[in-house]
$ cat my_file-v4.txt   # compact mmCIF, C-alpha atoms
# COMPACT_ATOMS: atom_id res chain seq x y z
CA MET A 161 34.08 -46.89 -52.56
CA THR A 162 36.91 -44.64 -53.61
CA LYS A 163 34.38 -41.85 -54.25
CA THR A 164 33.28 -42.04 -50.62
CA LEU A 165 36.89 -42.04 -49.49
CA THR A 166 37.71 -39.01 -51.65
CA SER A 167 35.17 -37.01 -49.63
CA ILE A 168 37.65 -37.11 -46.72
CA PRO A 169 39.62 -33.85 -46.45
CA GLY A 170 43.23 -34.37 -47.58
CA VAL A 171 42.41 -37.61 -49.43
CA GLY A 172 42.50 -37.38 -53.18
CA ALA A 173 42.10 -40.12 -55.80
CA THR A 174 45.57 -41.61 -55.16
CA ARG A 175 45.23 -41.81 -51.37
CA ALA A 176 41.65 -43.08 -51.69
CA LYS A 177 42.98 -45.90 -53.96
CA LYS A 178 45.70 -46.73 -51.39
CA LEU A 179 43.09 -46.87 -48.58
CA SER A 180 40.77 -48.98 -50.72
CA ASP A 181 43.56 -51.37 -51.70
CA ALA A 182 44.40 -51.76 -47.98
CA GLY A 183 40.71 -52.78 -47.43
CA TYR A 184 39.48 -49.63 -45.73
CA THR A 185 35.96 -48.24 -45.98
CA LEU A 186 34.43 -45.47 -43.91
CA LYS A 187 33.15 -48.04 -41.40
CA LYS A 188 36.53 -49.75 -41.11
CA LEU A 189 38.31 -46.38 -40.80
CA GLN A 190 36.01 -45.48 -37.95
CA LYS A 191 37.14 -48.53 -35.95
CA SER A 192 40.84 -48.32 -36.83
CA SER A 193 43.67 -46.39 -35.24
CA PRO A 194 45.46 -43.73 -37.35
CA GLU A 195 48.83 -45.46 -36.88
CA THR A 196 47.52 -48.77 -38.29
CA VAL A 197 45.82 -47.00 -41.20
CA ALA A 198 49.05 -45.14 -42.03
CA LYS A 199 51.13 -48.35 -41.95
CA LYS A 200 48.73 -50.52 -43.99
CA SER A 201 47.86 -47.95 -46.65
CA GLY A 202 51.15 -46.10 -46.87
CA ILE A 203 49.67 -42.62 -46.35
CA PRO A 204 51.09 -40.04 -43.90
CA GLU A 205 49.95 -40.41 -40.28
CA SER A 206 48.57 -36.84 -40.19
CA VAL A 207 46.28 -37.63 -43.14
CA ALA A 208 45.32 -40.97 -41.51
CA LYS A 209 44.28 -39.06 -38.33
CA LYS A 210 42.08 -36.76 -40.43
CA ALA A 211 40.62 -39.75 -42.29
CA VAL A 212 39.75 -41.62 -39.10
CA ALA A 213 38.28 -38.48 -37.49
CA HIS A 214 36.23 -37.74 -40.64
CA ALA A 215 35.00 -41.33 -40.83
CA GLN A 216 33.92 -41.23 -37.19
CA SER A 217 32.08 -37.93 -37.66
CA GLN A 218 30.38 -39.20 -40.86
CA THR A 219 29.22 -42.37 -39.16
CA LYS A 220 27.81 -40.36 -36.25
CA LYS A 221 25.88 -38.19 -38.70
CA ALA A 222 24.61 -41.19 -40.63
CA THR A 223 23.49 -43.07 -37.54
CA PRO A 224 19.89 -42.20 -36.81
CA PRO A 225 19.18 -41.06 -33.28
CA PRO A 226 17.92 -43.80 -31.01
CA LYS A 227 14.17 -44.11 -30.84
CA PRO A 228 12.63 -43.05 -27.58
CA ASN A 229 11.97 -45.98 -25.35
CA THR A 230 8.22 -46.42 -25.07
CA SER A 231 8.46 -48.76 -22.13
CA PRO A 232 9.60 -46.99 -18.97
CA SER A 233 13.02 -48.03 -17.81
CA ASN A 234 13.70 -48.97 -14.23
CA LYS A 235 15.63 -45.75 -13.70
CA SER A 236 12.74 -43.67 -14.99
CA VAL A 237 10.32 -45.48 -12.67
CA GLU A 238 12.71 -45.04 -9.75
CA ASP A 239 13.03 -41.33 -10.54
CA ARG A 240 9.25 -40.95 -10.63
CA LEU A 241 8.88 -42.84 -7.36
CA HIS A 242 11.51 -40.62 -5.77
CA ILE A 243 9.69 -37.49 -6.96
CA LEU A 244 6.40 -38.85 -5.64
CA GLU A 245 7.97 -39.68 -2.29
CA GLN A 246 9.34 -36.14 -2.04
CA ALA A 247 5.92 -34.71 -2.91
CA VAL A 248 4.23 -36.86 -0.27
CA THR A 249 6.83 -35.82 2.31
CA GLU A 250 6.31 -32.13 1.50
CA LEU A 251 2.53 -32.51 1.62
CA THR A 252 2.77 -34.27 4.97
CA LYS A 253 4.93 -31.47 6.38
CA THR A 254 2.51 -28.87 5.03
CA MET A 255 -0.47 -30.67 6.54
CA GLN A 256 1.28 -30.93 9.92
CA ALA A 257 2.09 -27.23 9.84
CA SER A 258 -1.51 -26.41 8.87
CA GLU A 259 -2.87 -28.58 11.68
CA SER A 260 -0.54 -26.88 14.13
CA ARG A 261 -1.68 -23.43 12.97
CA PHE A 262 -5.32 -24.51 13.12
CA LYS A 263 -4.90 -25.72 16.71
CA ARG A 264 -3.25 -22.41 17.64
CA PHE A 265 -6.09 -20.42 16.01
CA GLN A 266 -8.65 -22.63 17.72
CA GLN A 267 -6.95 -22.06 21.07
CA ASP A 268 -6.84 -18.30 20.46
CA PHE A 269 -10.52 -18.37 19.48
CA TYR A 270 -11.48 -20.18 22.69
CA GLU A 271 -9.49 -17.68 24.74
CA VAL A 272 -11.18 -14.74 23.02
CA GLN A 273 -14.57 -16.37 23.41
CA HIS A 274 -13.90 -16.88 27.12
CA GLN A 275 -12.87 -13.24 27.48
CA LEU A 276 -16.02 -12.09 25.69
CA ASP A 277 -18.18 -14.27 27.92
CA TYR A 278 -16.47 -12.85 30.96
CA LEU A 279 -16.91 -9.31 29.68
CA SER A 280 -20.55 -9.88 28.86
CA TRP A 281 -21.23 -11.22 32.35
CA ASP A 282 -19.28 -8.35 33.80
CA ALA A 283 -20.94 -5.79 31.57
CA LEU A 284 -24.42 -7.30 31.68
CA PRO A 285 -25.46 -5.80 35.03
CA ARG A 286 -24.24 -2.36 33.96
CA VAL A 287 -26.06 -2.49 30.64
CA VAL A 288 -29.23 -3.88 32.18
CA HIS A 289 -29.27 -1.33 34.97
CA GLU A 290 -28.61 1.54 32.57
CA LEU A 291 -31.39 0.30 30.28
CA ALA A 292 -33.72 -0.08 33.25
CA TRP A 293 -32.92 3.48 34.36
CA TYR A 294 -33.49 4.76 30.80
CA ILE A 295 -36.81 2.93 30.61
CA LYS A 296 -37.94 4.32 33.98
CA THR A 297 -36.94 7.91 33.23
CA HIS A 298 -37.59 8.37 29.50
CA LEU A 299 -39.88 5.63 28.31
CA ALA A 300 -42.21 5.20 31.26
CA SER A 301 -45.30 6.00 29.18
CA TRP A 302 -44.47 3.47 26.44
CA SER A 303 -45.69 -0.09 26.28
CA ASP A 304 -43.23 -2.94 26.81
CA GLU A 305 -43.53 -3.97 23.14
CA LYS A 306 -42.78 -0.44 21.91
CA ILE A 307 -39.80 -0.17 24.31
CA PHE A 308 -38.55 -3.58 23.24
CA ASP A 309 -38.79 -2.72 19.51
CA TRP A 310 -37.15 0.69 19.96
CA LEU A 311 -34.23 -0.70 22.00
CA LYS A 312 -33.83 -3.63 19.58
CA ASP A 313 -33.63 -1.14 16.69
CA HIS A 314 -30.86 0.68 18.58
CA GLY A 315 -28.66 -2.42 18.80
CA HIS A 316 -29.48 -3.80 22.22
CA GLU A 317 -29.67 -7.54 22.74
CA ASP A 318 -32.96 -9.29 23.50
CA ARG A 319 -31.75 -10.73 26.78
CA HIS A 320 -30.58 -7.32 28.02
CA ILE A 321 -33.86 -5.66 27.07
CA LYS A 322 -36.01 -8.34 28.71
CA HIS A 323 -33.94 -8.22 31.87
CA ALA A 324 -34.04 -4.42 31.96
CA LEU A 325 -37.81 -4.40 31.45
CA SER A 326 -38.29 -6.83 34.29
CA ILE A 327 -36.18 -4.64 36.61
CA ALA A 328 -37.81 -1.38 35.43
CA ARG A 329 -41.37 -2.66 35.85
CA ALA A 330 -40.69 -4.37 39.19
$ encode --input "my_file-v4.txt" --output "structure tokens"
Amino acid sequence: MTKTLTSIPGVGATRAKKLSDAGYTLKKLQKSSPETVAKKSGIPESVAKKAVAHAQSQTKKATPPPKPNTSPSNKSVEDRLHILEQAVTELTKTMQASESRFKRFQQDFYEVQHQLDYLSWDALPRVVHELAWYIKTHLASWSDEKIFDWLKDHGHEDRHIKHALSIARA
């Protein structure tokens, strides 16, 4: 035991013998106060402080680190639940925001669709009458099928062409 005690800085063979005679080991030094060690062993208090500090540091080094707990502790479960609750809350907020945006886009789409319908009904007579005029003046010698195909190829809608043909041939 005195060999272990001599590894303490400031403790030689004589002081190690005094500590050993007083019943001290590294483990007992770790749990003792420097004042008690100095009184019982008869060594200076400054050396006793170093001895106690060294013993505490040696015991910390010798103690293996605690094994990781394989079973989840209550705190760990609570932490995970808290994280999950936060994730659910964030997802709920995101979904609500997405639904709100979707409703706005849907509303905008309906408004645009309504405007297009209005424009098409407003523009339809003009387009039909212009097509009917074009058919009467330029395509009078063509058959209805040839006129229909030619106007379709030039981007006109079926309903406009049919209506224009009925007006032009009437």
$ closest_residue --input "my_file-v4.txt" --among "A:Ser201, A:Ser326, A:Ser260, A:Gln266" --to "Arg175 of chain A" --atoms "all atoms listed in the file"
A:Ser201
$ residues_around --input "my_file-v4.txt" --residues "Gln218 of chain A" --least-positions-apart "4" --cutoff "12 Å" --atoms "all atoms listed in the file" --output "VMD selection string"
chain A and resid 164 to 165 167 to 168 185 to 187 189 to 190 210 to 214 222 to 224
$ closest_residue --input "my_file-v4.txt" --among "A:Pro194, A:Thr252, A:Ile295, A:Glu259" --to "Ile321 of chain A" --atoms "only C-alpha atoms"
A:Ile295
$ atom_distance --input "my_file-v4.txt" --atom1 "atom CA of Glu317 of chain A" --atom2 "atom CA of Val288 of chain A"
10.1 Å
$ residues_around --input "my_file-v4.txt" --residues "Leu179 of chain A" --least-positions-apart "2" --cutoff "9 Å" --atoms "all atoms listed in the file" --output "CSV table (one decimal) with C-alpha atoms, in the frame of the given file"
chain,number,residue,atom,x,y,z
A,162,THR,CA,36.9,-44.6,-53.6
A,165,LEU,CA,36.9,-42.0,-49.5
A,174,THR,CA,45.6,-41.6,-55.2
A,175,ARG,CA,45.2,-41.8,-51.4
A,176,ALA,CA,41.6,-43.1,-51.7
A,177,LYS,CA,43.0,-45.9,-54.0
A,181,ASP,CA,43.6,-51.4,-51.7
A,182,ALA,CA,44.4,-51.8,-48.0
A,183,GLY,CA,40.7,-52.8,-47.4
A,184,TYR,CA,39.5,-49.6,-45.7
A,185,THR,CA,36.0,-48.2,-46.0
A,197,VAL,CA,45.8,-47.0,-41.2
A,200,LYS,CA,48.7,-50.5,-44.0
A,201,SER,CA,47.9,-48.0,-46.6
A,202,GLY,CA,51.2,-46.1,-46.9
A,203,ILE,CA,49.7,-42.6,-46.4
$ decode --input "my_file-v4.txt" --residues "segment 172-323 of chain A" --atoms "C-alpha atoms" --output "compact mmCIF listing (two decimals), in the first residue's frame"
# COMPACT_ATOMS: atom_id res chain seq x y z
CA GLY A 172 7.79 10.04 -0.15
CA ALA A 173 8.48 6.78 1.68
CA THR A 174 8.35 8.39 5.16
CA ARG A 175 5.05 10.23 4.63
CA ALA A 176 3.56 7.18 2.90
CA LYS A 177 4.47 5.10 6.02
CA LYS A 178 2.84 7.73 8.28
CA LEU A 179 -0.35 7.68 6.16
CA SER A 180 -0.36 3.89 6.11
CA ASP A 181 0.18 3.65 9.87
CA ALA A 182 -2.78 6.06 10.33
CA GLY A 183 -4.90 3.58 8.26
CA TYR A 184 -5.16 5.58 5.05
CA THR A 185 -5.41 4.11 1.57
CA LEU A 186 -6.26 5.92 -1.64
CA LYS A 187 -9.95 5.13 -1.12
CA LYS A 188 -9.93 6.37 2.47
CA LEU A 189 -7.99 9.51 1.48
CA GLN A 190 -10.62 10.25 -1.13
CA LYS A 191 -13.35 10.35 1.53
CA SER A 192 -11.35 12.20 4.20
CA SER A 193 -10.81 15.88 4.81
CA PRO A 194 -7.23 17.25 4.57
CA GLU A 195 -7.36 18.57 8.14
CA THR A 196 -8.24 15.12 9.56
CA VAL A 197 -5.55 13.44 7.44
CA ALA A 198 -2.94 15.95 8.65
CA LYS A 199 -3.89 15.44 12.32
CA LYS A 200 -4.05 11.62 12.24
CA SER A 201 -0.92 11.04 10.16
CA GLY A 202 1.22 13.92 11.36
CA ILE A 203 1.99 15.29 7.89
CA PRO A 204 1.69 18.98 6.92
CA GLU A 205 -1.80 20.14 5.94
CA SER A 206 -0.60 21.39 2.52
CA VAL A 207 0.69 17.88 1.70
CA ALA A 208 -2.56 16.36 3.05
CA LYS A 209 -4.56 18.61 0.67
CA LYS A 210 -2.44 17.40 -2.26
CA ALA A 211 -2.83 13.78 -1.12
CA VAL A 212 -6.62 14.02 -0.85
CA ALA A 213 -6.89 15.82 -4.21
CA HIS A 214 -4.62 13.22 -5.86
CA ALA A 215 -6.59 10.34 -4.34
CA GLN A 216 -9.85 11.82 -5.59
CA SER A 217 -8.47 12.31 -9.10
CA GLN A 218 -7.02 8.75 -9.15
CA THR A 219 -10.31 7.24 -8.06
CA LYS A 220 -12.16 9.18 -10.76
CA LYS A 221 -9.74 7.85 -13.36
CA ALA A 222 -10.02 4.30 -12.06
CA THR A 223 -13.81 4.33 -11.96
CA PRO A 224 -15.13 3.07 -15.26
CA PRO A 225 -17.68 5.29 -16.93
CA PRO A 226 -21.26 4.29 -16.27
CA LYS A 227 -22.75 1.96 -18.83
CA PRO A 228 -25.39 3.48 -21.02
CA ASN A 229 -28.83 2.71 -19.77
CA THR A 230 -30.48 0.37 -22.26
CA SER A 231 -33.93 0.86 -20.83
CA PRO A 232 -35.29 4.34 -21.53
CA SER A 233 -35.64 6.46 -18.46
CA ASN A 234 -38.79 8.39 -17.71
CA LYS A 235 -37.05 11.65 -18.53
CA SER A 236 -35.92 10.36 -21.90
CA VAL A 237 -39.46 9.20 -22.70
CA GLU A 238 -40.87 12.55 -21.57
CA ASP A 239 -38.33 14.38 -23.74
CA ARG A 240 -39.28 12.27 -26.75
CA LEU A 241 -42.98 12.84 -26.11
CA HIS A 242 -42.37 16.57 -25.85
CA ILE A 243 -40.47 16.57 -29.15
CA LEU A 244 -43.26 14.57 -30.80
CA GLU A 245 -45.89 16.96 -29.45
CA GLN A 246 -43.94 19.90 -30.86
CA ALA A 247 -43.64 18.17 -34.23
CA VAL A 248 -47.38 17.44 -34.31
CA THR A 249 -48.14 21.06 -33.39
CA GLU A 250 -45.86 22.36 -36.16
CA LEU A 251 -47.36 19.95 -38.68
CA THR A 252 -50.87 21.01 -37.69
CA LYS A 253 -49.98 24.68 -38.14
CA THR A 254 -48.39 23.92 -41.52
CA MET A 255 -51.44 21.97 -42.66
CA GLN A 256 -53.77 24.80 -41.57
CA ALA A 257 -51.65 27.32 -43.45
CA SER A 258 -51.63 25.07 -46.53
CA GLU A 259 -55.40 24.64 -46.38
CA SER A 260 -55.83 28.38 -46.09
CA ARG A 261 -53.59 28.98 -49.11
CA PHE A 262 -55.40 26.27 -51.07
CA LYS A 263 -58.77 27.88 -50.33
CA ARG A 264 -57.40 31.26 -51.46
CA PHE A 265 -56.03 29.75 -54.69
CA GLN A 266 -59.31 27.94 -55.27
CA GLN A 267 -61.22 31.19 -54.77
CA ASP A 268 -58.88 33.02 -57.15
CA PHE A 269 -59.29 30.22 -59.69
CA TYR A 270 -63.09 30.45 -59.53
CA GLU A 271 -62.92 34.22 -59.97
CA VAL A 272 -60.63 33.88 -63.00
CA GLN A 273 -62.83 31.15 -64.43
CA HIS A 274 -65.88 33.37 -64.00
CA GLN A 275 -64.10 36.24 -65.73
CA LEU A 276 -63.09 33.97 -68.62
CA ASP A 277 -66.65 32.72 -68.98
CA TYR A 278 -67.90 36.28 -69.01
CA LEU A 279 -65.29 37.28 -71.57
CA SER A 280 -66.06 34.30 -73.77
CA TRP A 281 -69.78 35.12 -73.75
CA ASP A 282 -68.94 38.74 -74.40
CA ALA A 283 -66.42 37.91 -77.10
CA LEU A 284 -68.36 35.03 -78.65
CA PRO A 285 -70.70 37.16 -80.78
CA ARG A 286 -67.78 39.22 -82.09
CA VAL A 287 -65.72 36.17 -82.96
CA VAL A 288 -68.66 34.36 -84.52
CA HIS A 289 -69.72 37.35 -86.57
CA GLU A 290 -66.16 38.00 -87.75
CA LEU A 291 -65.78 34.33 -88.70
CA ALA A 292 -69.14 34.40 -90.48
CA TRP A 293 -68.07 37.53 -92.41
CA TYR A 294 -64.73 35.88 -93.30
CA ILE A 295 -66.53 32.74 -94.48
CA LYS A 296 -68.96 34.76 -96.61
CA THR A 297 -66.30 36.96 -98.20
CA HIS A 298 -63.24 34.70 -98.58
CA LEU A 299 -64.33 31.11 -98.29
CA ALA A 300 -67.69 31.15 -100.03
CA SER A 301 -66.60 28.56 -102.61
CA TRP A 302 -65.32 26.08 -100.00
CA SER A 303 -67.30 23.25 -98.48
CA ASP A 304 -68.32 23.43 -94.82
CA GLU A 305 -65.92 20.58 -93.96
CA LYS A 306 -62.97 22.32 -95.64
CA ILE A 307 -63.83 25.63 -93.90
CA PHE A 308 -64.21 23.84 -90.57
CA ASP A 309 -60.83 22.06 -90.92
CA TRP A 310 -59.03 25.23 -92.06
CA LEU A 311 -60.43 27.35 -89.21
CA LYS A 312 -59.73 24.57 -86.69
CA ASP A 313 -56.12 24.45 -87.89
CA HIS A 314 -55.89 28.21 -87.30
CA GLY A 315 -56.86 27.91 -83.62
CA HIS A 316 -60.58 28.60 -83.67
CA GLU A 317 -62.87 26.67 -81.36
CA ASP A 318 -65.38 24.14 -82.68
CA ARG A 319 -68.36 25.92 -81.18
CA HIS A 320 -67.35 29.25 -82.74
CA ILE A 321 -66.83 27.67 -86.17
CA LYS A 322 -70.15 25.80 -86.11
CA HIS A 323 -72.01 28.91 -85.02
